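Okay, structure first, notes after.
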Amino acid sequence: MANFVLLYSGGSMPETQAEQAAVMKAWEAWFGGLGSALVDAGNPFTPKAKRIASDGTVSDGAVGSLASGYSVIKADSLDEAVEMARRCPVLQGGAQISVYETAPVM
């Protein structure tokens with residue numbers, strides 16, 4: 001099994017407390033359905049970001065499109081990780097998910 005980072009981009013949070021509570025229940029259900037495949041539930045990101053160039057120059061903003069959060073799961077393959085990610089509630093809020101396999105270095 002390998003670890004996969006689900007990088008969320010875009011999306012929005014519902015405006016009302018009732019809608020927010022429904023979204024949180026959907027997240028809890030999704031996390032529960034992942035069971036032991038959930039390595040790190042992650043967190044949402046704020047829009048505050050800095051990028052560092054190879055020459056050490058620091059600038060405001062992200063590299064590429066602004067990421068909105070992440071989770072880490074484990075799966076037997078990239079395809080399996082994608083199938084798990086397809087049920088993620090972040091998609092209901094208009095976000096997109098990039099699924100990255102991590103490469104162990106130690």
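In the structure tokens, chains take letters A, B, ... by order of appearance, with residues numbered from 1 within each chain and ligands from 1 in the order shown.
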Original post:
Which polymer residues have any atom within 9 Å of an atom of Asn43 in chain A, counting only C-alpha atoms, with same-chain residues fewer than 4 positions away left out, as a PyMOL selection string?
Top reply: chain A and resi 68-71
Original post:
If we count only C-alpha atoms, what is near Met13 in chain A at a cut-off of 10 Å, once residues fewer than 4 positions away on the same chain are taken out, given as number ranges by chain?
Top reply: A: 19-20, 23, 90, 92-94
Subject >> Which of chain A DSSP labels strand (DSSP E), written as a ChimeraX atom specification >> reply: /A:2-10,38-40,50-52,58-60,67-75,95-101
Mind writing the picked residues with N, CA and C atoms as a CSV table (one decimal), in the first residue's frame?
```csv
chain,number,residue,atom,x,y,z
A,2,ALA,N,0.4,2.3,-0.7
A,2,ALA,CA,1.1,3.5,-0.7
A,2,ALA,C,0.2,4.6,-0.1
A,3,ASN,N,0.8,5.7,0.2
A,3,ASN,CA,0.1,6.9,0.7
A,3,ASN,C,-0.2,7.8,-0.5
A,4,PHE,N,-1.4,8.4,-0.5
A,4,PHE,CA,-1.8,9.4,-1.5
A,4,PHE,C,-2.2,10.7,-0.9
A,5,VAL,N,-1.8,11.8,-1.4
A,5,VAL,CA,-2.2,13.1,-0.9
A,5,VAL,C,-3.4,13.5,-1.8
A,6,LEU,N,-4.5,13.9,-1.2
A,6,LEU,CA,-5.6,14.5,-2.0
A,6,LEU,C,-5.5,16.0,-1.8
A,7,LEU,N,-5.2,16.7,-2.8
A,7,LEU,CA,-5.0,18.1,-2.7
A,7,LEU,C,-6.2,18.8,-3.3
A,8,TYR,N,-7.0,19.5,-2.4
A,8,TYR,CA,-8.2,20.2,-2.8
A,8,TYR,C,-7.9,21.6,-3.4
A,9,SER,N,-8.6,21.9,-4.4
A,9,SER,CA,-8.5,23.3,-5.0
A,9,SER,C,-9.9,23.8,-5.3
A,10,GLY,N,-10.1,25.1,-4.9
A,10,GLY,CA,-11.3,25.8,-5.1
A,10,GLY,C,-12.4,25.3,-4.2
A,38,LEU,N,-7.7,6.0,6.0
A,38,LEU,CA,-7.4,7.4,6.3
A,38,LEU,C,-6.2,7.6,7.2
A,39,VAL,N,-5.2,8.2,6.6
A,39,VAL,CA,-3.9,8.4,7.3
A,39,VAL,C,-3.9,9.7,8.0
A,40,ASP,N,-4.4,10.8,7.4
A,40,ASP,CA,-4.4,12.1,7.9
A,40,ASP,C,-5.6,12.8,7.3
A,50,LYS,N,2.7,32.1,0.5
A,50,LYS,CA,3.9,32.6,0.0
A,50,LYS,C,4.6,31.6,-0.9
A,51,ARG,N,5.3,32.0,-1.9
A,51,ARG,CA,6.0,31.1,-2.7
A,51,ARG,C,7.5,31.4,-2.7
A,52,ILE,N,8.4,30.4,-2.7
A,52,ILE,CA,9.8,30.6,-2.6
A,52,ILE,C,10.4,30.1,-3.9
A,58,VAL,N,11.2,35.4,-2.2
A,58,VAL,CA,9.9,35.1,-1.6
A,58,VAL,C,8.9,36.1,-2.2
A,59,SER,N,7.7,35.6,-2.6
A,59,SER,CA,6.7,36.4,-3.2
A,59,SER,C,5.4,36.0,-2.6
A,60,ASP,N,4.4,36.9,-2.7
A,60,ASP,CA,3.0,36.6,-2.2
A,60,ASP,C,2.3,35.7,-3.2
A,67,ALA,N,-4.5,26.1,-3.5
A,67,ALA,CA,-5.0,24.9,-2.9
A,67,ALA,C,-5.9,25.3,-1.7
A,68,SER,N,-7.0,24.5,-1.5
A,68,SER,CA,-7.9,24.9,-0.4
A,68,SER,C,-7.8,23.9,0.8
A,69,GLY,N,-7.1,22.8,0.6
A,69,GLY,CA,-6.9,21.8,1.7
A,69,GLY,C,-6.3,20.5,1.2
A,70,TYR,N,-6.3,19.6,2.2
A,70,TYR,CA,-5.7,18.3,1.8
A,70,TYR,C,-6.2,17.2,2.8
A,71,SER,N,-6.0,16.0,2.3
A,71,SER,CA,-6.1,14.8,3.2
A,71,SER,C,-5.1,13.8,2.7
A,72,VAL,N,-4.8,12.8,3.5
A,72,VAL,CA,-3.8,11.7,3.1
A,72,VAL,C,-4.5,10.4,3.4
A,73,ILE,N,-4.6,9.6,2.3
A,73,ILE,CA,-5.2,8.2,2.4
A,73,ILE,C,-4.1,7.2,2.0
A,74,LYS,N,-4.4,5.9,2.3
A,74,LYS,CA,-3.6,4.9,1.7
A,74,LYS,C,-4.4,3.9,0.9
A,75,ALA,N,-3.8,3.4,-0.2
A,75,ALA,CA,-4.6,2.6,-1.1
A,75,ALA,C,-3.5,1.7,-1.8
A,95,ALA,N,-15.2,22.1,-5.5
A,95,ALA,CA,-13.8,22.0,-5.6
A,95,ALA,C,-13.4,20.9,-6.5
A,96,GLN,N,-12.1,20.8,-6.8
A,96,GLN,CA,-11.5,19.8,-7.6
A,96,GLN,C,-10.5,19.1,-6.7
A,97,ILE,N,-10.1,17.8,-7.1
A,97,ILE,CA,-9.1,17.1,-6.3
A,97,ILE,C,-8.0,16.6,-7.2
A,98,SER,N,-6.8,16.9,-6.8
A,98,SER,CA,-5.6,16.2,-7.5
A,98,SER,C,-5.1,15.1,-6.5
A,99,VAL,N,-4.9,14.0,-7.1
A,99,VAL,CA,-4.5,12.8,-6.3
A,99,VAL,C,-3.0,12.5,-6.6
A,100,TYR,N,-2.1,12.6,-5.6
A,100,TYR,CA,-0.7,12.4,-5.8
A,100,TYR,C,-0.3,11.2,-5.0
A,101,GLU,N,0.4,10.3,-5.6
A,101,GLU,CA,1.1,9.2,-4.9
A,101,GLU,C,2.4,9.7,-4.3
```
Subject >> Between CA of Met84 in chain A and CA of Thr16 in chain A, distance in Å (one decimal) >> reply: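 Straight-line distance from CA of Met84 in chain A to CA of Thr16 in chain A works out to 27.8 Å.
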**OP:** In Å, rounded to a single decimal, give me how far CA of Ala22 in chain A is from CA of Thr46 in chain A.
**Re:** 21.3 Å
**OP:** Quick one: pull the distance between CA of Trp30 in chain A and CA of Ala62 in chain A, Å, one decimal.
**Re:**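 Taking CA of Trp30 in chain A as the start and CA of Ala62 in chain A as the end point, the length is 28.1 Å.
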**OP:** DSSP on the backbone, then: every residue of chain A marked alpha helix (DSSP H), written as a VMD selection string.
**Re:** chain A and resid 17 to 34 78 to 85
Original post:
Restricting the calculation to only C-alpha atoms, which member of A:Ala29, A:Met106, A:Ala49, A:Leu78 is positioned closest to Leu66 in chain A?
Top reply: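 Answer, going by the shortest atom-to-atom distance: A:Ala49.
In terms of minimum interatomic distance to Pro44 in chain A, A:Ser12 ranks closest within A:Ser12, A:Gln17, A:Thr57, A:Ser77, counting only C-alpha atoms.
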**OP:** May I have the residues within 9 Å of Ala26 in chain A as a list in words, using only C-alpha atoms and disregarding those fewer than 5 positions away in the same chain?
**Re:**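 Residues meeting the cut-off are Ala21, Phe31, Cys88 and Pro89 of chain A.
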